[in-house]
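Colleague: Take this structure, written in structure tokens, and hold onto it; I'll ask about it next.
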Amino acid sequence: MLPENVSFRGFPRRVDYYRTGVVDIATGHLQFFTTSPDLPWMDQASDLIAPIADDDGHARLIGMGSDIEHPFPHLYRVDLRTGGVQSLPSGGANAQTRRLFLNARGAIVLRTRTSMIMPIIGALFLTTR
């Protein structure tokens, strides 16, 4: 399954597509999470982090947001019961950010970024908040 107006090139002719979500074991209810109702496919490879200290019933989702041309990790607060998603401060994340690291309370404490000056080498920088 691909987004509308997107064609796949390459081999094999298959695309792995998956969504982040949770299942209530008692009821079997499945809840998918998305940071963009219009572009739910942008959240593939997102990370769902739970439990979060002092934030019962919620998790953090690190997803790619809705910037198709320059995607970078964004942090969201997710209600595990309703699937509601709320954007949180980005901690300085930008188009060069590759990964976010959170503490037990779900706050960004470290991010990695690549240098766009040396894309061939792919230099890695660690930046603390």
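To be explicit about the labels: the chains of the structure tokens are called A, B, and onward in the order shown, and within each one the residues are counted from 1, while ligands get numbers from 1 in the order they are shown.
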Arg60 (chain A): which residues within 12 Å, counting only C-alpha atoms, same-chain residues fewer than 6 positions away excluded, as a PDB file with N, CA and C atoms, in the first residue's frame?
Modeller:
```
ATOM      1  N   THR A  20       2.201   2.423  13.912  1.00  0.00           N
ATOM      2  CA  THR A  20       2.374   2.324  15.351  1.00  0.00           C
ATOM      3  C   THR A  20       1.008   2.337  16.011  1.00  0.00           C
ATOM      4  N   GLY A  21       0.835   1.465  16.982  1.00  0.00           N
ATOM      5  CA  GLY A  21      -0.430   1.402  17.694  1.00  0.00           C
ATOM      6  C   GLY A  21      -0.311   0.535  18.926  1.00  0.00           C
ATOM      7  N   PHE A  33      -1.916   5.124  15.973  1.00  0.00           N
ATOM      8  CA  PHE A  33      -1.531   6.492  16.272  1.00  0.00           C
ATOM      9  C   PHE A  33      -0.953   7.124  15.020  1.00  0.00           C
ATOM     10  N   THR A  34      -1.310   8.368  14.796  1.00  0.00           N
ATOM     11  CA  THR A  34      -0.751   9.096  13.666  1.00  0.00           C
ATOM     12  C   THR A  34      -0.568  10.555  14.056  1.00  0.00           C
ATOM     13  N   THR A  35       0.474  11.159  13.551  1.00  0.00           N
ATOM     14  CA  THR A  35       0.730  12.574  13.817  1.00  0.00           C
ATOM     15  C   THR A  35       0.070  13.461  12.783  1.00  0.00           C
ATOM     16  N   SER A  46       8.089   5.068  13.203  1.00  0.00           N
ATOM     17  CA  SER A  46       8.047   5.924  14.387  1.00  0.00           C
ATOM     18  C   SER A  46       8.247   5.073  15.632  1.00  0.00           C
ATOM     19  N   ASP A  47       8.620   5.719  16.716  1.00  0.00           N
ATOM     20  CA  ASP A  47       8.864   5.030  17.978  1.00  0.00           C
ATOM     21  C   ASP A  47       7.811   5.428  18.986  1.00  0.00           C
ATOM     22  N   LEU A  48       7.220   4.449  19.642  1.00  0.00           N
ATOM     23  CA  LEU A  48       6.269   4.692  20.720  1.00  0.00           C
ATOM     24  C   LEU A  48       6.957   4.325  22.016  1.00  0.00           C
ATOM     25  N   ILE A  49       7.043   5.282  22.943  1.00  0.00           N
ATOM     26  CA  ILE A  49       7.749   5.086  24.200  1.00  0.00           C
ATOM     27  C   ILE A  49       6.758   5.173  25.354  1.00  0.00           C
ATOM     28  N   ALA A  50       6.711   4.120  26.169  1.00  0.00           N
ATOM     29  CA  ALA A  50       5.837   4.090  27.340  1.00  0.00           C
ATOM     30  C   ALA A  50       6.426   3.064  28.311  1.00  0.00           C
ATOM     31  N   PRO A  51       6.199   3.155  29.583  1.00  0.00           N
ATOM     32  CA  PRO A  51       5.420   4.194  30.268  1.00  0.00           C
ATOM     33  C   PRO A  51       6.229   5.479  30.426  1.00  0.00           C
ATOM     34  N   ILE A  52       5.526   6.553  30.698  1.00  0.00           N
ATOM     35  CA  ILE A  52       6.135   7.851  30.949  1.00  0.00           C
ATOM     36  C   ILE A  52       5.891   8.188  32.419  1.00  0.00           C
ATOM     37  N   ALA A  53       6.953   8.527  33.131  1.00  0.00           N
ATOM     38  CA  ALA A  53       6.845   8.840  34.559  1.00  0.00           C
ATOM     39  C   ALA A  53       5.907  10.017  34.779  1.00  0.00           C
ATOM     40  N   HIS A  74       9.860  14.516  15.222  1.00  0.00           N
ATOM     41  CA  HIS A  74       9.069  15.400  16.065  1.00  0.00           C
ATOM     42  C   HIS A  74       8.613  14.594  17.272  1.00  0.00           C
ATOM     43  N   LEU A  75       8.362  15.272  18.374  1.00  0.00           N
ATOM     44  CA  LEU A  75       7.913  14.605  19.588  1.00  0.00           C
ATOM     45  C   LEU A  75       6.433  14.907  19.824  1.00  0.00           C
ATOM     46  N   TYR A  76       5.675  13.858  20.156  1.00  0.00           N
ATOM     47  CA  TYR A  76       4.241  13.986  20.396  1.00  0.00           C
ATOM     48  C   TYR A  76       3.858  13.275  21.691  1.00  0.00           C
ATOM     49  N   ARG A  77       2.839  13.794  22.349  1.00  0.00           N
ATOM     50  CA  ARG A  77       2.233  13.144  23.509  1.00  0.00           C
ATOM     51  C   ARG A  77       0.989  12.418  23.009  1.00  0.00           C
ATOM     52  N   VAL A  78       0.878  11.130  23.342  1.00  0.00           N
ATOM     53  CA  VAL A  78      -0.200  10.293  22.832  1.00  0.00           C
ATOM     54  C   VAL A  78      -1.069   9.811  23.986  1.00  0.00           C
ATOM     55  N   ASP A  79      -2.380   9.956  23.842  1.00  0.00           N
ATOM     56  CA  ASP A  79      -3.332   9.400  24.803  1.00  0.00           C
ATOM     57  C   ASP A  79      -3.568   7.946  24.397  1.00  0.00           C
ATOM     58  N   LEU A  80      -3.176   7.016  25.249  1.00  0.00           N
ATOM     59  CA  LEU A  80      -3.267   5.607  24.904  1.00  0.00           C
ATOM     60  C   LEU A  80      -4.700   5.098  24.826  1.00  0.00           C
ATOM     61  N   GLY A  83      -6.159   7.683  21.409  1.00  0.00           N
ATOM     62  CA  GLY A  83      -5.331   7.842  20.216  1.00  0.00           C
ATOM     63  C   GLY A  83      -5.038   9.291  19.887  1.00  0.00           C
ATOM     64  N   GLY A  84      -5.517  10.210  20.732  1.00  0.00           N
ATOM     65  CA  GLY A  84      -5.254  11.629  20.503  1.00  0.00           C
ATOM     66  C   GLY A  84      -3.770  11.938  20.561  1.00  0.00           C
ATOM     67  N   VAL A  85      -3.316  12.780  19.659  1.00  0.00           N
ATOM     68  CA  VAL A  85      -1.896  13.123  19.552  1.00  0.00           C
ATOM     69  C   VAL A  85      -1.738  14.628  19.681  1.00  0.00           C
ATOM     70  N   GLN A  86      -0.795  15.041  20.535  1.00  0.00           N
ATOM     71  CA  GLN A  86      -0.527  16.460  20.768  1.00  0.00           C
ATOM     72  C   GLN A  86       0.961  16.719  20.533  1.00  0.00           C
ATOM     73  N   SER A  87       1.273  17.705  19.716  1.00  0.00           N
ATOM     74  CA  SER A  87       2.658  18.056  19.442  1.00  0.00           C
ATOM     75  C   SER A  87       3.295  18.667  20.691  1.00  0.00           C
ATOM     76  N   LEU A  88       4.556  18.309  20.938  1.00  0.00           N
ATOM     77  CA  LEU A  88       5.311  18.845  22.072  1.00  0.00           C
ATOM     78  C   LEU A  88       6.496  19.656  21.548  1.00  0.00           C
ATOM     79  N   LEU A 100      15.960  11.354  18.294  1.00  0.00           N
ATOM     80  CA  LEU A 100      15.726  12.003  19.579  1.00  0.00           C
ATOM     81  C   LEU A 100      15.811  10.958  20.685  1.00  0.00           C
ATOM     82  N   PHE A 101      16.351  11.352  21.829  1.00  0.00           N
ATOM     83  CA  PHE A 101      16.437  10.473  22.994  1.00  0.00           C
ATOM     84  C   PHE A 101      15.697  11.147  24.140  1.00  0.00           C
ATOM     85  N   LEU A 102      14.901  10.362  24.871  1.00  0.00           N
ATOM     86  CA  LEU A 102      14.062  10.903  25.928  1.00  0.00           C
ATOM     87  C   LEU A 102      14.488  10.377  27.297  1.00  0.00           C
ATOM     88  N   ASN A 103      14.139  11.152  28.335  1.00  0.00           N
ATOM     89  CA  ASN A 103      14.339  10.660  29.688  1.00  0.00           C
ATOM     90  C   ASN A 103      13.070   9.957  30.149  1.00  0.00           C
ATOM     91  N   ALA A 104      13.036   9.524  31.415  1.00  0.00           N
ATOM     92  CA  ALA A 104      11.888   8.771  31.942  1.00  0.00           C
ATOM     93  C   ALA A 104      10.605   9.590  31.956  1.00  0.00           C
ATOM     94  N   ARG A 105      10.725  10.919  31.965  1.00  0.00           N
ATOM     95  CA  ARG A 105       9.541  11.786  31.966  1.00  0.00           C
ATOM     96  C   ARG A 105       9.091  12.170  30.555  1.00  0.00           C
ATOM     97  N   GLY A 106       9.754  11.628  29.551  1.00  0.00           N
ATOM     98  CA  GLY A 106       9.335  11.854  28.173  1.00  0.00           C
ATOM     99  C   GLY A 106       9.845  13.141  27.564  1.00  0.00           C
ATOM    100  N   ALA A 107      10.849  13.753  28.174  1.00  0.00           N
ATOM    101  CA  ALA A 107      11.433  14.991  27.644  1.00  0.00           C
ATOM    102  C   ALA A 107      12.694  14.669  26.837  1.00  0.00           C
ATOM    103  N   ILE A 108      12.942  15.446  25.808  1.00  0.00           N
ATOM    104  CA  ILE A 108      14.139  15.254  24.987  1.00  0.00           C
ATOM    105  C   ILE A 108      15.373  15.647  25.799  1.00  0.00           C
TER     106      ILE A 108
END
```
Colleague: To one decimal in Å, tell me the separation between CA of Asp54 (chain A) and CA of Arg113 (chain A).
Modeller: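 Straight-line distance from CA of Asp54 (chain A) to CA of Arg113 (chain A) works out to 29.1 Å.
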